[in-house]
Amino acid sequence: MTQQSDEPRTVGACALALIALLGLTACDPRASSQAPKAPPLPVITVSKPIVKDITEWDEFVGRFDAVQSVEVRARVSGYLQSVHFKDGALVRKGDLLFVIDPRPFKAAVDDLTAAITSAESRLEFASVDFRRYERLAKEGFAPERQLDDRRQRFTAARADLESARAKLARAKLDLEFTEIRAPIAGRISRKYVSEGNLVVGGANESTLLTTIFELDPIYFYFDVDERSYLGYVRMSQRGDRPSSRDVQNPVEVALADEKTFTEKGKMDFVDNRLDPATGTMRGRAVFENKDLRLTPGMFGRLRLPGTGIYRGVLVPEEAVTNDQDRRVVYVVGADHVVRAQPVRLAQLVDGYRIVREGLKGDETIVINGLLRVRPGGKIEPKMTTLPQQRP
């Protein structure tokens with residue numbers, strides 16, 4: 001019985017000793033110094049927004065077209081004798097393109113040349129005869145009727161000569177028309193008629209032989225919706241941007257395989273009415289095309305100034321994030337605490353996004369490491385400077 005009562009006392013004593021040992025460990029200063037340290041602040045790249053004079057641009061789709069285009073047609077009828085150009089080649093104004101068989105026209109010229117010689121002879125005889133009868137009539141040796149007859153013969157001979165000369169001029173013109181030359185410089189199409197075929201000339205139903213398109217300069221046609229057109233009218237009335245009817249406002253075009261606007265041109269024409277079927281206004285710009293890279297019929301994206309010049313705030317697009325249904329940028333305060341600032345954005349300019357509302361331009365914003373930033377959190381800012389323009 002005595003041994004059984006000693007066993008519980010031994011267990012209790014061991015428990016008290018263990019509690020005392022733990023209490024001493026908790027009071028040991030070496031144990032408290034090994035507590036976990038606070039994590040370091042994240043190093044985040046920040047910068048000031050870009051603030052500079054900018055112009056917003058509006059974009060429209062359109063196509064290039066030739067300043068001049070010509071349908072080359074036959075002006076006289078005959079058999080096509082020869083072709084003097086390569087299909088699709090560049091031609092200069094006055095270059096020989098086609099030759100229609102000139103022999104019938106040369107024969108007509110020779111015939112009329114002989115007819116003029118005969119008419120000149122008849123006129124000379126009629127003139128001498130008329131002058132003789134005129135002297136005889138004055139002296140009273142020729143009746144008045146014979147004088148009138150000689151005068152009529154002289155007048156008819158003179159008219160015959162003038163008619164023959166006119167016919168010869170027309171025949172020479174027809175002979176000249178057998179050589180068909182380029183009326184303008186540009187790129188020629190293929191030959192639509194081969195040698196040996198009969199071509200028809202004249203004003204009606206004349207044979208189309210080929211076409212030529214002038215390439216430098218070149219037009220670009222595009223259509224502006226009614227809302228945008230009204231905006232341009234009001235800008236002009238306010239004096240923010242002059243009308244393209246009065247000033248050749250600058251424009252730029254990006255081709256189908258380009259992301260940037262490489263072609264520089266200027267406004268050339270604005271139509272005088274909106275198309276009632278589409279509700280659009282037709283505009284036209286003109287571009288230099290020295291290297292002949294631009295071709296009529298080619299499509300492109302045109303942009304023209306949609307606002308006047310104003311002081312704008314620009315931020316990198318990667319500095320903007322979504323917060324539910326709004327766009328925000330992270331602004332760093334003087335205490336290095338980050339807050340979310342809602343912004344209203346516009347288009348890209350010089351590689352940056354325009355901030356219409358939300359920033360003044362003197363803030364410090366997070367531009368890199370957005371995933372490591374939380375509103376209300378503190379960061380270690382690493383300041384950098386943004387370039388004025390990015391590709």
# chains A, B, ... in the order shown; residues from 1 in each chain; ligands from 1
$ select_by_dssp --residues "stretch 167-355 of chain A" --states "strand (DSSP E)" --output "VMD selection string"
chain A and resid 179 to 181 186 to 188 198 to 199 208 to 213 218 to 225 250 to 255 263 to 270 280 to 287 299 to 305 310 to 315 321 to 323 326 to 332 338 to 349 352 to 355
$ closest_residue --among "A:Gln248, A:Thr385, A:Ser228, A:Asn368" --to "A:Pro42" --atoms "only C-alpha atoms"
A:Asn368
$ residues_around --residues "stretch 238-242 of chain A" --least-positions-apart "4" --cutoff "12 Å" --atoms "only C-alpha atoms" --output "MDAnalysis selection string"
chainID A and resid 55:56 231:234 246:250 267 304:310
$ write_last_selection --atoms "C-alpha atoms" --output "CSV table (one decimal), in the first residue's frame"
chain,number,residue,atom,x,y,z
A,55,THR,CA,-2.1,66.1,-80.7
A,56,GLU,CA,-4.6,63.3,-80.7
A,231,GLY,CA,-16.3,67.5,-84.4
A,232,TYR,CA,-13.9,68.9,-87.0
A,233,VAL,CA,-16.3,71.7,-87.9
A,234,ARG,CA,-16.7,72.7,-84.2
A,246,ASP,CA,-8.6,76.0,-95.7
A,247,VAL,CA,-5.3,74.4,-94.6
A,248,GLN,CA,-3.4,71.4,-95.8
A,249,ASN,CA,-3.5,69.6,-92.4
A,250,PRO,CA,-0.8,66.9,-92.0
A,267,MET,CA,-5.0,67.1,-96.8
A,304,LEU,CA,-5.3,63.0,-89.1
A,305,PRO,CA,-5.2,65.5,-86.2
A,306,GLY,CA,-8.4,65.0,-84.1
A,307,THR,CA,-7.6,67.8,-81.7
A,308,GLY,CA,-5.5,70.9,-81.5
A,309,ILE,CA,-2.2,70.9,-79.6
A,310,TYR,CA,-2.5,70.7,-75.8
$ residues_around --residues "stretch 165-171 of chain A" --least-positions-apart "2" --cutoff "12 Å" --atoms "only C-alpha atoms" --output "number ranges by chain"
A: 76, 102-120, 158-163, 173-178
$ closest_residue --among "A:Asn289, A:Ser127, A:Thr210, A:Gln347" --to "A:Lys264" --atoms "only C-alpha atoms"
A:Asn289
$ select_by_dssp --residues "stretch 87-121 of chain A" --states "alpha helix (DSSP H)" --output "list in words"
Arg103, Pro104, Phe105, Lys106, Ala107, Ala108, Val109, Asp110, Asp111, Leu112, Thr113, Ala114, Ala115, Ile116, Thr117, Ser118, Ala119, Glu120 and Ser121 of chain A
$ write_last_selection --atoms "N, CA and C atoms" --output "short mmCIF file (atom, residue, chain, number, x, y, z; two decimals), in the first residue's frame"
data_model
loop_
_atom_site.label_atom_id
_atom_site.label_comp_id
_atom_site.auth_asym_id
_atom_site.auth_seq_id
_atom_site.Cartn_x
_atom_site.Cartn_y
_atom_site.Cartn_z
N ARG A 103 -0.34 53.21 -144.03
CA ARG A 103 -0.31 53.33 -145.48
C ARG A 103 -1.58 53.94 -146.07
N PRO A 104 -2.79 53.53 -145.67
CA PRO A 104 -3.98 54.19 -146.25
C PRO A 104 -4.02 55.69 -145.96
N PHE A 105 -3.55 56.08 -144.78
CA PHE A 105 -3.60 57.49 -144.41
C PHE A 105 -2.51 58.29 -145.13
N LYS A 106 -1.37 57.66 -145.39
CA LYS A 106 -0.34 58.34 -146.16
C LYS A 106 -0.78 58.53 -147.60
N ALA A 107 -1.48 57.54 -148.14
CA ALA A 107 -2.01 57.66 -149.51
C ALA A 107 -3.01 58.80 -149.59
N ALA A 108 -3.85 58.94 -148.57
CA ALA A 108 -4.83 60.03 -148.55
C ALA A 108 -4.13 61.38 -148.50
N VAL A 109 -3.03 61.45 -147.74
CA VAL A 109 -2.28 62.71 -147.68
C VAL A 109 -1.68 63.04 -149.04
N ASP A 110 -1.11 62.05 -149.69
CA ASP A 110 -0.53 62.29 -151.02
C ASP A 110 -1.60 62.72 -152.01
N ASP A 111 -2.77 62.08 -151.97
CA ASP A 111 -3.86 62.43 -152.88
C ASP A 111 -4.31 63.86 -152.66
N LEU A 112 -4.45 64.26 -151.42
CA LEU A 112 -4.91 65.61 -151.14
C LEU A 112 -3.82 66.64 -151.42
N THR A 113 -2.58 66.26 -151.28
CA THR A 113 -1.50 67.18 -151.65
C THR A 113 -1.56 67.50 -153.14
N ALA A 114 -1.81 66.46 -153.97
CA ALA A 114 -1.97 66.68 -155.41
C ALA A 114 -3.20 67.52 -155.70
N ALA A 115 -4.27 67.28 -154.95
CA ALA A 115 -5.51 68.05 -155.16
C ALA A 115 -5.28 69.52 -154.85
N ILE A 116 -4.45 69.81 -153.87
CA ILE A 116 -4.16 71.21 -153.55
C ILE A 116 -3.39 71.87 -154.69
N THR A 117 -2.46 71.13 -155.29
CA THR A 117 -1.72 71.67 -156.43
C THR A 117 -2.67 72.02 -157.57
N SER A 118 -3.62 71.12 -157.84
CA SER A 118 -4.60 71.39 -158.90
C SER A 118 -5.49 72.58 -158.54
N ALA A 119 -5.90 72.66 -157.27
CA ALA A 119 -6.77 73.77 -156.86
C ALA A 119 -6.03 75.09 -156.92
N GLU A 120 -4.74 75.09 -156.59
CA GLU A 120 -3.96 76.32 -156.68
C GLU A 120 -3.85 76.78 -158.14
N SER A 121 -3.71 75.82 -159.04
CA SER A 121 -3.63 76.18 -160.47
C SER A 121 -4.94 76.78 -160.95
#
$ closest_residue --among "A:Asp129, A:Glu195, A:Glu71, A:Asp335" --to "A:Thr364" --atoms "only C-alpha atoms"
A:Asp335
$ closest_residue --among "A:Ala277, A:Ala256, A:Ala38, A:Val43" --to "A:Ile379" --atoms "only C-alpha atoms"
A:Val43
$ closest_residue --among "A:Thr260, A:Thr384, A:Ser243, A:Thr295" --to "A:Pro217" --atoms "only C-alpha atoms"
A:Thr295
$ closest_residue --among "A:Ile184, A:Ile44, A:Val67, A:Ala346" --to "A:Asp216" --atoms "only C-alpha atoms"
A:Val67
$ atom_distance --atom1 "atom CA of A:Pro316" --atom2 "atom CA of A:Lys259"
18.2 Å
$ residues_around --residues "A:Val313" --least-positions-apart "2" --cutoff "7 Å" --atoms "only C-alpha atoms" --output "list in words"
Pro49, Ile50, Val51, Lys52, Val315, Ile354, Val355 and Gly361 of chain A
$ atom_distance --atom1 "atom CA of A:Phe85" --atom2 "atom CA of A:Ser189"
9.8 Å
$ residues_around --residues "A:Val128" --least-positions-apart "5" --cutoff "10 Å" --atoms "only C-alpha atoms" --output "short mmCIF file (atom, residue, chain, number, x, y, z; two decimals) with C-alpha atoms, in the first residue's frame"
data_model
loop_
_atom_site.label_atom_id
_atom_site.label_comp_id
_atom_site.auth_asym_id
_atom_site.auth_seq_id
_atom_site.Cartn_x
_atom_site.Cartn_y
_atom_site.Cartn_z
CA LEU A 123 -7.36 79.58 -158.52
CA TYR A 133 -12.59 91.05 -167.22
CA GLU A 134 -12.57 93.61 -164.45
CA ARG A 150 -15.61 85.45 -163.67
CA PHE A 154 -12.61 83.05 -158.85
#
$ atom_distance --atom1 "atom CA of A:Leu209" --atom2 "atom CA of A:Ala66"
19.0 Å
